[in-house]
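This report refers to the structure that appears directly beneath it.
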Amino acid sequence: MKKKILVVDDEKNIRLLLDEELTDEGYEVIMADNGETALKMIEEEKPDIVTLDIKMPGEDGLNILRKIREIEYDLPVIICSAYSVYKSDFSAVAADHYVVKSSDFDELKNKIKEILSYEP
Amino acid sequence: MSNSDMSGNKPAIDEKTETRLKQIRSADIIIGIPSYNNAKSIGRVIKAAELGLAKYFPQHKGVIIVSEGGSVEESRKSVEFLGDKRYFENSFISRPSSETEIIVTKYRGPSGKGTAVKAIFEAGKILNTRAGCMLDADLRSISPEWIELLIAPVIKKNFGFVAPYYSRHKYDGTITNMIAFPLTWALYGRRVRQPIGGDFGFSSELIESLLSKEVWGSDIARFGIDIWMTTVAICENFRICQSFLGAKIHDEKDPGKDLSPMFRQVVGTIFSLMDIYKEKWLQVKGSRPTAIFGFESEFAPKPIDVDIENLIDKFRESVPRYLPVWEKALSTENYDKIMEVAKMDTDHFELPIELWVKSLYDFAFAYTKRSNGLSADEIIESLVPVYYAVTASFVKKAQNLDCHQAEEIINQQCAVFEKLKPYLVNRWA
């Protein structure tokens, strides 16, 4: 069965790019353009992993991350942000990994593969 | 770890205190303060606990218990000194309708923090409390908010264990940074930044689980108690989170100048737990983060000076003494590399992190298996100079970095522990 990835990003182009890249890797990709929708999708769609942008309209990604940890304690989350500065925010430690967005998706794809192979 | 002392299985609460607790009948929250002659600082901690209960949990009945290993009279005087409790008015916090009961008791059993903690857990069980927290008695940086941060995740979010997350100077907490944090990360797959922090929150279910273990007469009943509780919470699948408490101001130590029995007891406990929970950690692959609550303040922790040359000298001076132990405890490859490091001049001195990780795994294996004729104490003692060497290497690397950058190095080192875990698993097999 295909692993399901929820991509949370307010930028349409990034969502489409990630959709294409991750679908090519054999994953099922679902998408949300804001935190509120993402939280609903997490409860309804039960994704295996989430990629989460930080700077979004409404609630920022770090606040969404805190809420995710309350509803789905062990759901893997990778922060995928254009900014590296949030890496030193203490809230970011609740993410499995922090990737700075670039045109090269290899780091993100490798991390997704690695995290999905973990055994608790 | 020494064999279990039978007295560790007896109640740590005395009859008089038990009677008083039974008169109180029940409480929602217990705040425990393990103390050993901390009369000078304990008043501040009790005040913060009372204010925190009144401000954040006004609808809940709370009890504060000081579990004293030293002079009960002095601690009681500190409580009496709180007097008319004007600090409620001064803090703009309404007094609770019924005053919070403060009990000072002398615990019974092996002396040490573990027994003090046991007495507090027993009190929590008698009172049928829903949640609680433990606070170090010598805290100088505590505020009432700590009570909310340590207890609210249990009461409001259903967590079982709340670990502290402090803002610390890059050279503070080297046993945590070099050993406890990375081993918890790599072995049990859970990234808990302060697994030996003294201030934590807990649920009633965790109290039940911890009290049922037969470890209370061992070394765990001293400094090993914090890492033991964290490890049990992880391995027994309690929901764990962290709360950001800001700075923990305490008497900082240069890691080369004051290495107390704490090292032996913390590291000994970690190694002993590896044997107890081997079925768990041998299965774990990868690592998972831990939820975090709180508000980060921009506060620069007080700088700590570390004498790098002293650390390196201590390592070099120890080499002849510990050679026979290292020969037995370390793999030939790691032994040879450590000998190379011992010959390095101070300017170029470095114990590579990969070598530290593999050597620590060797020591853990030797400690647990003991098939080499070495005693537990010999193994831990011989680890100390290697720990000095890796601490010196870290301090050199972090010299020109700010605390966030140093933190990044610590995280990278943890990733090396995780990457090299198959080395330990293979040795174990």
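Letters for chains follow the order of the structure tokens (A, B, ...), residue numbers begin at 1 for each chain, and ligand numbers begin at 1 in the order shown.
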
TODO: Considering only C-alpha atoms, extract the chain A residues located within 9 Å of chain B and return them as a VMD selection string.
DONE: chain A and resid 65 to 66 69 to 70 73 to 74 76 88 to 97 114 to 115 117 to 120

Would you save the residues from that selection as an mmCIF file, in the first residue's frame, using N, CA and C atoms?
```cif
data_model
loop_
_atom_site.group_PDB
_atom_site.id
_atom_site.type_symbol
_atom_site.label_atom_id
_atom_site.label_comp_id
_atom_site.auth_asym_id
_atom_site.auth_seq_id
_atom_site.Cartn_x
_atom_site.Cartn_y
_atom_site.Cartn_z
ATOM 1 N N LEU A 65 2.475 22.734 14.201
ATOM 2 C CA LEU A 65 3.259 21.581 14.662
ATOM 3 C C LEU A 65 2.876 21.219 16.100
ATOM 4 N N ARG A 66 2.727 22.250 16.946
ATOM 5 C CA ARG A 66 2.344 21.999 18.336
ATOM 6 C C ARG A 66 0.970 21.304 18.395
ATOM 7 N N ARG A 69 1.149 17.649 17.362
ATOM 8 C CA ARG A 69 1.695 16.781 18.418
ATOM 9 C C ARG A 69 0.630 16.449 19.469
ATOM 10 N N GLU A 70 -0.373 17.315 19.597
ATOM 11 C CA GLU A 70 -1.439 17.040 20.566
ATOM 12 C C GLU A 70 -2.438 16.019 20.029
ATOM 13 N N TYR A 73 0.305 12.288 18.283
ATOM 14 C CA TYR A 73 1.551 12.401 19.036
ATOM 15 C C TYR A 73 2.796 11.977 18.247
ATOM 16 N N ASP A 74 2.662 10.886 17.496
ATOM 17 C CA ASP A 74 3.848 10.335 16.841
ATOM 18 C C ASP A 74 3.841 10.459 15.324
ATOM 19 N N PRO A 76 5.051 11.626 11.981
ATOM 20 C CA PRO A 76 6.286 12.292 11.536
ATOM 21 C C PRO A 76 6.002 13.602 10.791
ATOM 22 N N SER A 88 16.437 27.537 14.842
ATOM 23 C CA SER A 88 16.889 27.730 16.230
ATOM 24 C C SER A 88 15.734 28.057 17.177
ATOM 25 N N ASP A 89 14.509 28.140 16.651
ATOM 26 C CA ASP A 89 13.346 28.334 17.532
ATOM 27 C C ASP A 89 13.107 27.029 18.288
ATOM 28 N N PHE A 90 12.916 27.128 19.592
ATOM 29 C CA PHE A 90 12.802 25.893 20.372
ATOM 30 C C PHE A 90 11.620 25.030 19.925
ATOM 31 N N SER A 91 10.575 25.651 19.368
ATOM 32 C CA SER A 91 9.399 24.879 18.929
ATOM 33 C C SER A 91 9.747 23.896 17.819
ATOM 34 N N ALA A 92 10.787 24.215 17.053
ATOM 35 C CA ALA A 92 11.148 23.370 15.918
ATOM 36 C C ALA A 92 11.690 22.010 16.346
ATOM 37 N N VAL A 93 12.053 21.854 17.610
ATOM 38 C CA VAL A 93 12.593 20.553 18.041
ATOM 39 C C VAL A 93 11.514 19.467 18.012
ATOM 40 N N ALA A 94 10.249 19.883 17.951
ATOM 41 C CA ALA A 94 9.176 18.888 17.895
ATOM 42 C C ALA A 94 8.993 18.320 16.490
ATOM 43 N N ALA A 95 9.776 18.818 15.531
ATOM 44 C CA ALA A 95 9.719 18.262 14.173
ATOM 45 C C ALA A 95 10.754 17.156 14.030
ATOM 46 N N ASP A 96 10.487 16.220 13.150
ATOM 47 C CA ASP A 96 11.464 15.143 12.927
ATOM 48 C C ASP A 96 12.709 15.661 12.228
ATOM 49 N N HIS A 97 12.491 16.609 11.324
ATOM 50 C CA HIS A 97 13.640 17.127 10.575
ATOM 51 C C HIS A 97 13.277 18.502 10.020
ATOM 52 N N GLU A 114 13.817 7.768 4.866
ATOM 53 C CA GLU A 114 14.478 7.330 6.106
ATOM 54 C C GLU A 114 13.469 7.270 7.265
ATOM 55 N N ILE A 115 12.696 8.328 7.414
ATOM 56 C CA ILE A 115 11.765 8.390 8.558
ATOM 57 C C ILE A 115 10.679 7.318 8.440
ATOM 58 N N SER A 117 11.028 4.509 7.331
ATOM 59 C CA SER A 117 11.593 3.167 7.580
ATOM 60 C C SER A 117 11.848 2.916 9.066
ATOM 61 N N TYR A 118 11.634 3.943 9.904
ATOM 62 C CA TYR A 118 11.922 3.783 11.336
ATOM 63 C C TYR A 118 11.014 2.746 11.975
ATOM 64 N N GLU A 119 11.591 2.116 12.984
ATOM 65 C CA GLU A 119 10.781 1.209 13.808
ATOM 66 C C GLU A 119 10.776 1.759 15.220
ATOM 67 N N PRO A 120 9.595 2.045 15.768
ATOM 68 C CA PRO A 120 9.533 2.703 17.082
ATOM 69 C C PRO A 120 10.008 1.796 18.217
#
```

Task: Per-residue DSSP, chain A, filtered to strand (DSSP E), as an NGL selection string - done: :A and (4-8 or 28-32 or 49-52 or 77-81 or 97-100)

Open item on the list: I need the residues of chain A that end up classed as alpha helix (DSSP H) by DSSP on the backbone, written out as a count of residues only.
Closed with: 46

Test item: residues at most 12 Å from range 13-18 of chain A, only C-alpha atoms, excluding those fewer than 2 positions along its chain, as a PDB file with C-alpha atoms, in the first residue's frame:
```
ATOM      1  CA  ILE A   5       2.160  12.271   2.438  1.00  0.00           C
ATOM      2  CA  LEU A   6       0.389  15.478   3.427  1.00  0.00           C
ATOM      3  CA  VAL A   7       2.073  18.547   1.908  1.00  0.00           C
ATOM      4  CA  VAL A   8       1.194  21.760   3.773  1.00  0.00           C
ATOM      5  CA  ASP A   9       2.261  24.909   1.944  1.00  0.00           C
ATOM      6  CA  ASP A  10       0.502  28.137   1.034  1.00  0.00           C
ATOM      7  CA  GLU A  11       2.395  28.464  -2.271  1.00  0.00           C
ATOM      8  CA  GLU A  20       4.971  15.714  -8.842  1.00  0.00           C
ATOM      9  CA  GLU A  21       8.286  14.834  -7.184  1.00  0.00           C
ATOM     10  CA  LEU A  22       6.763  12.713  -4.413  1.00  0.00           C
ATOM     11  CA  THR A  23       4.213  10.997  -6.660  1.00  0.00           C
ATOM     12  CA  ASP A  24       7.124   9.966  -8.876  1.00  0.00           C
ATOM     13  CA  GLU A  25       8.707   8.392  -5.797  1.00  0.00           C
ATOM     14  CA  TYR A  27       3.819   8.071  -2.617  1.00  0.00           C
ATOM     15  CA  GLU A  28       0.207   9.177  -2.488  1.00  0.00           C
ATOM     16  CA  VAL A  29       0.234  12.959  -2.047  1.00  0.00           C
ATOM     17  CA  ILE A  30      -2.531  15.002  -0.452  1.00  0.00           C
ATOM     18  CA  MET A  31      -2.276  18.765  -0.007  1.00  0.00           C
ATOM     19  CA  ALA A  32      -3.386  21.623   2.235  1.00  0.00           C
ATOM     20  CA  ASP A  33      -2.763  25.337   1.760  1.00  0.00           C
ATOM     21  CA  ASN A  34      -3.131  26.323   5.422  1.00  0.00           C
ATOM     22  CA  VAL A  50       3.613  15.593   6.828  1.00  0.00           C
ATOM     23  CA  THR A  51       5.813  18.216   5.175  1.00  0.00           C
ATOM     24  CA  LEU A  52       5.053  21.554   6.791  1.00  0.00           C
ATOM     25  CA  ASP A  53       5.835  25.102   5.693  1.00  0.00           C
ATOM     26  CA  CYS A  80      10.104  22.495   4.874  1.00  0.00           C
ATOM     27  CA  SER A  81      10.761  26.223   4.996  1.00  0.00           C
ATOM     28  CA  ALA A  82      12.482  28.813   2.847  1.00  0.00           C
ATOM     29  CA  LYS A 101      13.591  24.664   0.602  1.00  0.00           C
ATOM     30  CA  SER A 102      15.681  24.501  -2.521  1.00  0.00           C
ATOM     31  CA  SER A 103      15.274  23.396  -6.115  1.00  0.00           C
ATOM     32  CA  ASP A 104      16.925  20.121  -5.151  1.00  0.00           C
ATOM     33  CA  PHE A 105      14.418  17.855  -3.436  1.00  0.00           C
ATOM     34  CA  ASP A 106      16.879  15.055  -2.701  1.00  0.00           C
ATOM     35  CA  LEU A 108      13.588  15.990   1.529  1.00  0.00           C
ATOM     36  CA  LYS A 109      13.006  12.765  -0.387  1.00  0.00           C
TER      37      LYS A 109
END
```

Open item on the list: What's around range 74-83 of chain B at 7 Å? Count only C-alpha atoms, leave out sequence neighbours fewer than 3 positions away in its own chain, and write the answer as JSON, numbers by chain.
Closed with: {"B": [39, 43, 71, 104]}

Convert the current residue selection to file output with C-alpha atoms, as a PDB file, in the first residue's frame.
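Everything below was put into result.pdb:
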```pdb
ATOM      1  CA  ALA B  39      16.795  25.631  53.842  1.00  0.00           C
ATOM      2  CA  GLY B  43      11.424  29.164  50.601  1.00  0.00           C
ATOM      3  CA  SER B  71      17.565  18.790  58.664  1.00  0.00           C
ATOM      4  CA  VAL B 104       7.797  18.847  55.470  1.00  0.00           C
TER       5      VAL B 104
END
```

Open item on the list: Between CA of Glu378 in chain B and CA of Ile270 in chain B, what is the distance in Å, rounded to a tenth?
Closed with: 16.0 Å

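Comparing the minimum interatomic distances between Asn237 in chain B and each of B:Ile93, B:Ala152, B:Val215, B:Leu206, counting only C-alpha atoms, we find that B:Leu206 sits nearest.
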
Open item on the list: Env of Leu273 in chain B: 10 Å cut, atoms = only C-alpha atoms, seq-sep filter 4 positions within chain, self excluded. Answer as a ChimeraX atom specification.
Closed with: /B:1,227-228,231-232,267-269,277-278,368

File of the preceding selection, C-alpha atoms, as a PDB file, in the first residue's frame:
```pdb
ATOM      1  CA  MET B   1      24.769  -0.598  40.113  1.00  0.00           C
ATOM      2  CA  ILE B 227      17.477   9.273  33.842  1.00  0.00           C
ATOM      3  CA  TRP B 228      15.710   6.202  35.198  1.00  0.00           C
ATOM      4  CA  THR B 231      13.851   5.924  30.393  1.00  0.00           C
ATOM      5  CA  VAL B 232      10.955   4.097  32.063  1.00  0.00           C
ATOM      6  CA  VAL B 267      26.274   6.728  33.669  1.00  0.00           C
ATOM      7  CA  GLY B 268      25.996   3.525  35.716  1.00  0.00           C
ATOM      8  CA  THR B 269      22.220   3.849  35.664  1.00  0.00           C
ATOM      9  CA  TYR B 277      15.453  -2.567  28.345  1.00  0.00           C
ATOM     10  CA  LYS B 278      17.590  -4.381  25.764  1.00  0.00           C
ATOM     11  CA  THR B 368      26.739  -4.711  31.004  1.00  0.00           C
TER      12      THR B 368
END
```

Give me, as a JSON list (two decimals) with C-alpha atoms, in the first residue's frame, all polymer residues having an atom no more than 10 Å from Tyr322 in chain B, counting only C-alpha atoms and skipping those fewer than 5 positions away in the same chain.
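Result written to around-v8.json:
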```json
[["chain", "number", "residue", "atom", "x", "y", "z"],
["B", 317, "GLU", "CA", 47.72, 11.88, 33.06],
["B", 327, "GLU", "CA", 42.72, -2.83, 26.78],
["B", 378, "GLU", "CA", 36.59, 0.17, 37.20],
["B", 379, "ILE", "CA", 34.80, 0.57, 33.88],
["B", 381, "GLU", "CA", 36.15, 5.29, 36.41],
["B", 382, "SER", "CA", 38.19, 4.56, 33.32],
["B", 383, "LEU", "CA", 35.53, 6.22, 31.16],
["B", 385, "PRO", "CA", 39.22, 10.62, 31.31]]
```

Open item on the list: Taking 3 positions as the minimum chain separation for residues in the same chain, which residues sit within 12 Å of Glu36 in chain A when counting only C-alpha atoms? Answer as an MDAnalysis selection string.
Closed with: chainID A and resid 8:10 32:33 39:43 56:61 63:65 67:68

Let me see the file: selected residues, C-alpha atoms, as a compact mmCIF listing (two decimals), in the first residue's frame.
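selection04.txt written:
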```
# COMPACT_ATOMS: atom_id res chain seq x y z
CA VAL A 8 1.19 21.76 3.77
CA ASP A 9 2.26 24.91 1.94
CA ASP A 10 0.50 28.14 1.03
CA ALA A 32 -3.39 21.62 2.24
CA ASP A 33 -2.76 25.34 1.76
CA LEU A 39 -5.29 19.59 10.92
CA LYS A 40 -8.64 18.44 9.50
CA MET A 41 -6.91 16.33 6.87
CA ILE A 42 -4.66 14.75 9.48
CA GLU A 43 -7.71 13.57 11.41
CA MET A 56 1.78 30.79 5.97
CA PRO A 57 -1.20 33.12 6.28
CA GLY A 58 -3.10 32.53 9.52
CA GLU A 59 -1.40 30.25 12.00
CA ASP A 60 2.27 29.65 11.32
CA GLY A 61 3.73 26.20 10.86
CA ASN A 63 1.97 26.57 15.96
CA ILE A 64 0.43 23.94 13.70
CA LEU A 65 3.26 21.58 14.66
CA LYS A 67 -1.29 21.17 17.55
CA ILE A 68 -0.29 18.14 15.46
```

Task: Residue among B:Ile151, B:Arg168, B:Gly69, B:Val117 lying closest to Ala406 in chain B, counting only C-alpha atoms - done: B:Arg168

- [ ] Select, from B:Ala364, B:Ile380, B:Gln59, B:Tyr387, the residue with the minimum atom-to-atom distance to Ile338 in chain B, counting only C-alpha atoms.
- [x] B:Tyr387
